[in-house]
Amino acid sequence: MPGGNSAAAGGKIGVRIVVVGDRGTGKSSLIAAAATESFPENLSPVLPPTRLPADFFPDRVPITIIDTSASLESRGKLNEELKRADVIILTYACDFPLTLTRLSSFWLQEFRRLEVKVPVIVVGCKVDLRDENQPISLEPVMGPIMQQYREIETCIECSAVTLMQVPDVFYYAQKAVLHPTAPLFDQDTQALQPRCIRALRRIFILCDSDMDGALNDAELNDFQVKCFDSPLQPAEIVGVRRVVQEKKKEGVNDLGLTLEGFLFLHSLFIDKGRLETTWAVLRKFGYGNDLKLRDDFLPAPSKHAPDQSVELTIEAVDFVRRVFRLFDTDNYGALQPTELDELFSTAPENPWGEAPYKDAAERTTQGNLTLKGFLSEWALMTMLDPQGSLANLLYIGYGGNPASALHVTRRRSVDRKKQQTERNVFHCLVFGPKNAGKSTLLNSFLGRPFSESHELIAGERYAVNVVDQHGLSLQGNKKTLILREIPEDGVKKFLSNKESLSSSDVAVFVYDSSDEYSWKRSNELLVEVARHGEESGYGVPSLIIAAKDDLDPHPMSVQKSARVCQELGIGASIPISSKLGDMNNVFCRILSAAEHPHLNIPETVAGRKRKQFHQLVNHSLLFMSVGAAFAVAGMAAFRAHSGRRNSPS
């Protein structure tokens with residue numbers, strides 16, 4: 001396989017190099033020598049920005065070099081330049097050992113203090129002035145420093161007087177930006193990074209057209225043409241196999257180059273300093289420097305109205321179902337953690353390992369993910385992060401048109417006018433005071449047993465599941481319901497955003513039916529949310545849930561609840577008992593409310609008056625326009641009549 005001359009530059013249109021170091025270490029001379037290919041005389045203390053043309057190095061990306069001053073009065077300017085840098089060249093003087101010790105005692109610490117997270121090239125200048133009687137080896141000096149400061153990409157010594165390795169300094173600096181080592185290779189373990197292995201595994205599988213676990217000669221050649229625009233000669237293919245077989249026997253079998261061999265080849269490229277070859281492959285398949293698919297490979301719908309949402313299309317859902325069955329190797333109807341890890345082994349990581357996805361879906365008592373849970377996780381991820389959902393579809397092998405995998409729903413305001421919805425995924429907000437039973441409601445939704453004591457979870461929490469509508473709709477089909485718990489102390493922040501209700505289809509307000517304060521607070525939250533919906537234009541159907549129905553109800557709460565529901569124009573509160581397992585069909589009722597977006601929208605007194613006022617204004621305008629039309633018609637008739645009377649007979 002060829003080197004990286006044809007490698008893409010990762011989308012970079014220019015590289016900004018900032019040269020820093022102690023006073024007198026040769027910064028300006030180094031820059032001028034690179035630009036003029038000669039040793040400069042009588043330089044100004046700080047050079048203006050210096051540009052190297054695109055054809056200066058093989059990657060054909062122009063370079064801008066920024067000279068800096070180490071003086072205290074210039075520190076502000078220096079810090080600004082460091083934060084704009086793509087890469088830093090940090091200089092020391094080979095004839096002045098103190099400048100070498102200041103790399104770790106000052107400069108590298110300063111970069112971290114400023115949170116400058118770019119590659120660093122350490123450059124020893126004035127190597128021609130080093131005392132020949134005191135030779136120095138860089139390895140014992142720089143080795144410990146590079147161990148401590150992993151941002152150092154490489155070390156090199158040069159001379160602006162003799163031009164020795166001056167171009168190499170800027171070549172390595174540019175290379176550190178365009179073809180960085182850290183994402184690909186772990187210097188400690190001397191092995192490929194896990195995320196790099198995952199990306200290369202996906203590429204291998206995509207190129208293994210016959211899916212036999214090895215790349216034959218034709219597949220290797222197709223891979224070569226795709227990545228480097230040139231075919232492999234038969235002798236080159238034989239050479240590749242021979243190199244792999246000599247070093248890694250399992251890297252080649254009778255069918256061709258195995259995954260182990262494919263990974264070994266890339267380890268070999270990196271070991272020989274040919275990172276551009278591996279980066280060329282990764283970028284051809286859409287990967288960025290973070291080893292995730294770039295945005296230009298992900299045509300996810302990004303522009304939609306606040307009251308629209310994104311769902312998987314039927315084609316994508318069918319694909320996800322097939323993937324589940326493929327990895328459910330024991331046919332138990334649930335994925336074990338190892339099976340789920342294997343499923344996402346070609347993704348940068350398991351996307352559901354952290355909040356909000358972790359523990360958000362139905363699992364078996366053994367902790368395995370059911371098919372309903374699997375589909376639910378995809379629905380949740382697609383709603384919250386459409387681009388991430390599309391990326392993960394592609395990571396696990398979705399072969400359809402990426403643009404056809406996601407669907408933007410109709411606006412909720414249109415659904416309300418049409419008094420129906422076409423959505424398959426519904427978003428429900430769960431409000432209520434502390435200890436009202438919100439978390440227990442979410443646990444019941446996921447089929448988890450009731451517990452008197454439950455772990456307190458800080459912040460918002462999601463629970464998602466598939467709800468069978470049988471008996472509630474003529475179709476009897478299944479929909480996905482996402483419950484989002486809003487903590488009581490987070491309501492104010494949530495409602496501070498005018499569009500906070502726009503993405504929800506229904507809201508429920510939970511209270512402890514045995515506690516009068518719980519009812520009062522839940523009622524306050526209901527009115528607060530209803531008022532926000534009226535003011536923002538994003539009112540949502542709302543339900544009241546009387547939790548803990550196994551306890552003696554507070555009599556005043558029952559009476560007040562009925563009156564409030566009537567005054568606000570919403571359905572009666574729904575009593576439930578998670579402890580007794582009597583959920584009163586609550587999740588189907590929540591879903592039914594979401595499917596009827598024009599009903600159960602609470603109307604406050606202020607909202608009702610505002611609505612009546614607008615109706616009055618509209619009627620007045622209508623009467624005025626009708627009156628004006630009659631007046632215009634009357635005037636026209638009068639003029640016509642006058643014209644006839646005045647005309648000669």
# chains A, B, ... in the order shown; residues from 1 in each chain; ligands from 1

$ residues_around --residues "A:Pro337" --least-positions-apart "3" --cutoff "9 Å" --atoms "only C-alpha atoms" --output "VMD selection string"
chain A and resid 340 to 342 367 to 369

$ select_by_dssp --residues "stretch 236-427 of chain A" --states "strand (DSSP E)" --output "number ranges by chain"
A: 252-253, 256-258, 310-312, 334-335, 369-370, 406-408, 425-427

$ residues_around --residues "A:Pro183" --least-positions-apart "2" --cutoff "10 Å" --atoms "only C-alpha atoms" --output "list in words"
His179, Pro180, Thr181, Phe185, Asp186, Leu192, Gln193, Pro194, Arg195, Cys196, Asn289, Asp290 and Leu291 of chain A

$ atom_distance --atom1 "atom CA of A:Asp328" --atom2 "atom CA of A:Gln387"
26.1 Å

$ closest_residue --among "A:Arg448, A:Lys498, A:Lys434, A:Lys520" --to "A:Glu535" --atoms "only C-alpha atoms"
A:Lys498
